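Student: Take this structure first; my questions come after.
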Amino acid sequence: MAQLPYDRPSDPAKRYSAALTDGPSRAGARGMLKAIGFTDEDLARPIIGVATQWIETMPCNYNQRELAEHVKAGIRAAGGTPMEFNTVSVSDGVTMGTEGMKASLISREVVADSIELVTRGHSFDGVLCITGCDKTTPGALMALGRMDRPGLVLYNGTILPGRHNGQDTDIVTIYEAIGAYRAGKISLEELYEIESTSCPGPGACGGQYTANTMSMVAEFLGLSPAGLNGIPATDEEKAQAAFRAGELVVDLVKRDLRPSHFVNHASLENAIASVAATGGSTNAVLHLLAIAHEFGIPLSIDDFDRISHATPLIADLRPGGRYRAADLHEAGGIALVMKVLVDAGKIDPSRPTVDGRTIGEIASSAAETPGQPVVRTIDHALKKTGGLAILRGTLAPEGCVVKLAGHERRHHSGPARVFDSENACFEAVQAGSIREGDVIVIRYEGPIGGPGMQEMLAVTGAIVGRGLGESVALLTDGRFSGGTHGLMIGHVAPEAADGGPIAFVRDGDTITIDVDRRALDVEVAHEELERRRHGWAPPPPRYTTGVFAKYAALVGSASEGAITNPRRR
């Protein structure tokens with residue numbers, strides 16, 4: 001009688017999947033898997049989950065189906081068996097300015113939870129996550145930290161720039177054009193032309209906005225193979241990158257190299273330095289705090305201020321600078337940023353990465369394009385300090401985040417213009433009722449109050465489009481798009497819905513922002529603020545059932561990463 005697969009010794013790399021596939025008692029599971037084409041040989045190998053967020057609602061993740069096929073081919077070639085599955089994605093750019101924007105940050109938790117559920121539920125030996133739009137990369141990194149099962153992240157790549165009137169354009173160009181149209185600076189026909197030409201194909205937002213910031217973070221953490229994330233989505237080399245990533249994840253599984261092998265506090269500090277050095281998205285503060293939490297590594301919001309203060313701004317990238325992620329790739333890629341920071345002693349070069357090299361080895365192999373203008377040396381940095389600062393004060397006792405790249409103002413004092421929602425503020429901007437010198441306050445848009453802490457690109461784009469970007473300031477307990485620039489302060493904590501001082505600000509109160517002192521204050525006597533506090537009651541929740549209500553009941557402060565914790569309430 002021929003040997004049955006039940007009699008085979010299990011592959012040592014099947015540390016989890018053997019419980020699902022091996023032995024006579026698992027005949028039912030094997031029978032169901034054979035129904036969709038898996039063979040005895042397939043099921044004898046380590047099983048690798050391939051998580052995608054392919055969705056037909058945006059260009060950001062649109063190439064993931066194709067990339068998944070190349071990833072799976074790489075896994076098979078290296079001796080593993082891939083099993084593809086989907087999770088979700090919510091487009092910040094598409095939903096911006098609508099009620100749907102509240103779903104974006106919430107989707108980060110759903111991405112992490114769903115990857116964990118499928119991976120644990122189906123006993124995968126490892127997992128490769130293909131990510132794109134903003135919340136999918138941090139969600140995948142959170143899942144890897146939470147499970148500590150061999151795996152890596154492959155970013156599906158940046159979109160290429162569009163063109164209008166001989167200039168490169170992107171999604172932020174469109175939002176700023178909306179403001180310019182409302183201010184009478186461009187025609188409706190020109191707005192339509194910009195809309196129709198600025199997003200030319202698949203890939204995530206083209207500047208150093210949240211998607212590309214978090215792609216860089218994943219490489220600096222050591223959880224993405226060096227050089228593969230930065231290849232643009234439509235570049236022919238992306239398929240080869242996906243195949244290579246598939247091979248690498250099998251190697252991680254066979255050697256039982258888990259995410260905790262690569263990520264420690266020094267890795268997180270390296271990642272923070274990458275954000276500071278490139279003028280990256282303020283959303284990285286939220287996401288890195290949440291990632292650290294899942295890895296069980298202490299990280300404070302104040303670590304961002306300390307590291308950013310010590311890290312010069314070296315990359316001339318949008319939105320604060322001139323160039324886009326595709327330009328960075330042509331200049332020498334993320335490895336070039338690593339090289340400058342390693343040479344200056346700004347990051348730890350000894351940290352290992354999933355492709356088998358250390359950060360220092362990757363940096364030393366960087367190939368800089370001669371004459372490239374995108375990444376500066378430390379001696380010729382754009383600014384002596386990085387692109388982020390953490391402020392505290394009477395308006396933000398737990399802290400808030402200000403992006404310093406893209407503007408020169410470090411002090412602003414002016415009268416408050418208070419709005420209890422983003423939409424109310426947007427209407428005021430469109431109506432021309434915001435004046436130079438104003439400090440716009442948007443509240444009840446935090447993790448609990450929103451719920452979901454929606455981004456403010458529609459508002460900030462409208463402000464810039466009306467020519468007010470350099471004369472007003474904006475602060476909110478919500479957050480900003482990675483494409484936002486100007487003196488914009490987000491993540492004010494505690495938030496208004498949780499009784500933070502931002503809830504007690506009134507129109508006309510003088511608010512002072514002093515970046516050098518790291519201060520955000522409202523010039524109202526303590527006794528008056530306390531009087532207002534005693535007369536305040538939280539507004540009723542905007543959602544009482546469903547996922548939004550569940551999130552609001554579980555989510556914590558933005559100063560801790562807006563993580564969900566069942567013990568919070």
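Lettering and numbering for the structure tokens are positional, with chains as A, B, ... in the shown order, residues counted from 1 in each chain, and ligands counted from 1 in the shown order.
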Can you check which residues of segment 316-358 of chain A DSSP gives as strand (DSSP E or B) on the backbone and send them as a list in words?
Tutor: Leu317, Tyr323, Pro352 and Thr358 of chain A
Student: Each residue of segment 123-172 of chain A lying at most 9 Å from segment 283-292 of chain A should get a row with its shortest atom-to-atom pair and the distance in Å to one decimal, counting only C-alpha atoms; could you produce that, ordered by chain and increasing number, as a Markdown table?
Tutor:
| residue | atom | partner | partner_atom | distance |
| --- | --- | --- | --- | --- |
| A:Lys135 | CA | A:His287 | CA | 8.6 |
| A:Pro138 | CA | A:His287 | CA | 5.9 |
| A:Gly139 | CA | A:Ile291 | CA | 8.4 |
| A:Leu141 | CA | A:Ile291 | CA | 6.5 |
| A:Met142 | CA | A:Ile291 | CA | 4.9 |
| A:Ala143 | CA | A:Ile291 | CA | 8.6 |
| A:Gly145 | CA | A:Ile291 | CA | 7.0 |
| A:Arg146 | CA | A:Ile291 | CA | 8.7 |
Student: For segment 372-374 of chain A, please output as number ranges by chain all residues within 6 Å (counting only C-alpha atoms; exclusion window: fewer than 6 positions along the same chain).
Tutor: A: 315-316, 331
Student: Please, could you write that set of residues out with C-alpha atoms as a tab-separated table (two decimals), in the first residue's frame?
Tutor:
chain	number	residue	atom	x	y	z
A	315	ALA	CA	14.57	65.43	2.26
A	316	ASP	CA	12.93	68.03	0.03
A	331	ALA	CA	17.47	59.70	-6.35
Student: Find the spatial neighbours of Ile159 of chain A, counting only C-alpha atoms, within a cut-off of 9 Å - ignore same-chain residues fewer than 4 positions away - and output them as a ChimeraX atom specification.
Tutor: /A:59-60,170,199-207,232-234,325-326
Student: Residues of segment 214-277 of chain A that approach segment 354-358 of chain A to 6 Å or less, counting only C-alpha atoms: could you list each one with the shortest pair of atoms and its distance in Å to one decimal, rows by chain and increasing residue number, as a Markdown table?
Tutor:
| residue | atom | partner | partner_atom | distance |
| --- | --- | --- | --- | --- |
| A:Gly222 | CA | A:Val354 | CA | 5.9 |
| A:Leu223 | CA | A:Val354 | CA | 5.7 |
| A:Pro225 | CA | A:Asp355 | CA | 5.1 |
Student: If DSSP is run on the backbone, what residues of segment 307-368 of chain A are helix (DSSP H, G or I)? A reply as a VMD selection string would be ideal.
Tutor: chain A and resid 307 to 309 325 to 331 333 to 343 359 to 364
Student: Give the answer as one residue: which of A:Arg324, A:Arg318, A:Lys102, A:Arg258 has the shortest atom-to-atom distance to Pro447 of chain A, using only C-alpha atoms?
Tutor: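 Nearest candidate to Pro447 of chain A out of A:Arg324, A:Arg318, A:Lys102, A:Arg258: A:Lys102.
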Student: Using only C-alpha atoms, determine which residues lie at most 7 Å from Ser481 of chain A, disregarding the query and same-chain residues fewer than 3 positions distant; provide the list as JSON, numbers by chain.
Tutor: {"A": [455, 456, 457, 484]}
Student: Generate the output file for the selected residues, N, CA, C and O atoms, as a JSON list (two decimals), in the first residue's frame.
Tutor:
[["chain", "number", "residue", "atom", "x", "y", "z"],
["A", 455, "GLU", "N", -9.46, 63.27, 9.11],
["A", 455, "GLU", "CA", -8.45, 64.19, 8.63],
["A", 455, "GLU", "C", -9.09, 65.49, 8.13],
["A", 455, "GLU", "O", -10.28, 65.54, 7.85],
["A", 456, "MET", "N", -8.25, 66.51, 7.99],
["A", 456, "MET", "CA", -8.74, 67.85, 7.68],
["A", 456, "MET", "C", -8.18, 68.39, 6.35],
["A", 456, "MET", "O", -8.03, 69.59, 6.20],
["A", 457, "LEU", "N", -7.87, 67.53, 5.40],
["A", 457, "LEU", "CA", -7.27, 68.03, 4.16],
["A", 457, "LEU", "C", -8.22, 68.93, 3.39],
["A", 457, "LEU", "O", -7.80, 69.89, 2.75],
["A", 484, "THR", "N", -1.05, 67.80, 4.38],
["A", 484, "THR", "CA", -1.29, 69.13, 4.94],
["A", 484, "THR", "C", 0.02, 69.88, 5.16],
["A", 484, "THR", "O", 1.02, 69.29, 5.57]]
Student: Tell me which protein, DNA and RNA residues are within 9 Å of Val464 of chain A, counting only C-alpha atoms, leaving out same-chain ones fewer than 4 positions away, and put them as a list in words.
Tutor: Glu176, Gly179, Ala180, Val459, Thr460, Leu468, Gly469, Glu470, His485 and Gly486 of chain A
Student: I want to know what sits within 9 Å of Pro82 of chain A, based on only C-alpha atoms, with residues of the same chain fewer than 6 positions away left out; could you give that as a list in words?
Tutor: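 Residues meeting the cut-off are Asp42, Pro46, Ile47, Ile48, Gly49, Val50, Val71, Lys72, Ala73, Ile75, Arg76, Val127 and Gly246 of chain A.
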Student: Which residue gives the smallest distance to Thr394 of chain A among A:Glu523, A:Asp507, A:Asp343, A:Glu436, with only C-alpha atoms counted?
Tutor: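 Among the listed residues, A:Glu523 lies closest to Thr394 of chain A.
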Student: Of the residues A:Asn165, A:Ser559, A:Thr512, A:Thr377, which is the one nearest to Gly437 of chain A, using only C-alpha atoms?
Tutor: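 Nearest to Gly437 of chain A: A:Thr512.
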Student: Nearest to Asp477 of chain A: which of A:Asp168, A:Asp521, A:Asp125, A:Asp498 is it, counting only C-alpha atoms?
Tutor: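 Closest to Asp477 of chain A, using only C-alpha atoms: A:Asp498.
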Student: Measuring between only C-alpha atoms, which one of A:His407, A:Arg417, A:Arg518, A:His329 shows the shortest distance to Thr369 of chain A?
Tutor: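 Ranking A:His407, A:Arg417, A:Arg518, A:His329 by distance to Thr369 of chain A, first place goes to A:His329.
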Student: Please measure the separation of atom CA of Ile390 of chain A and atom CA of Ile502 of chain A, giving the value in Å to one decimal.
Tutor: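 Between these atoms lies a distance of 16.4 Å.
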Student: Could you tell me how far atom CA of Thr52 of chain A sits from atom CA of Ile171 of chain A, in Å to one decimal place?
Tutor: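 These two atoms are separated by 23.2 Å.
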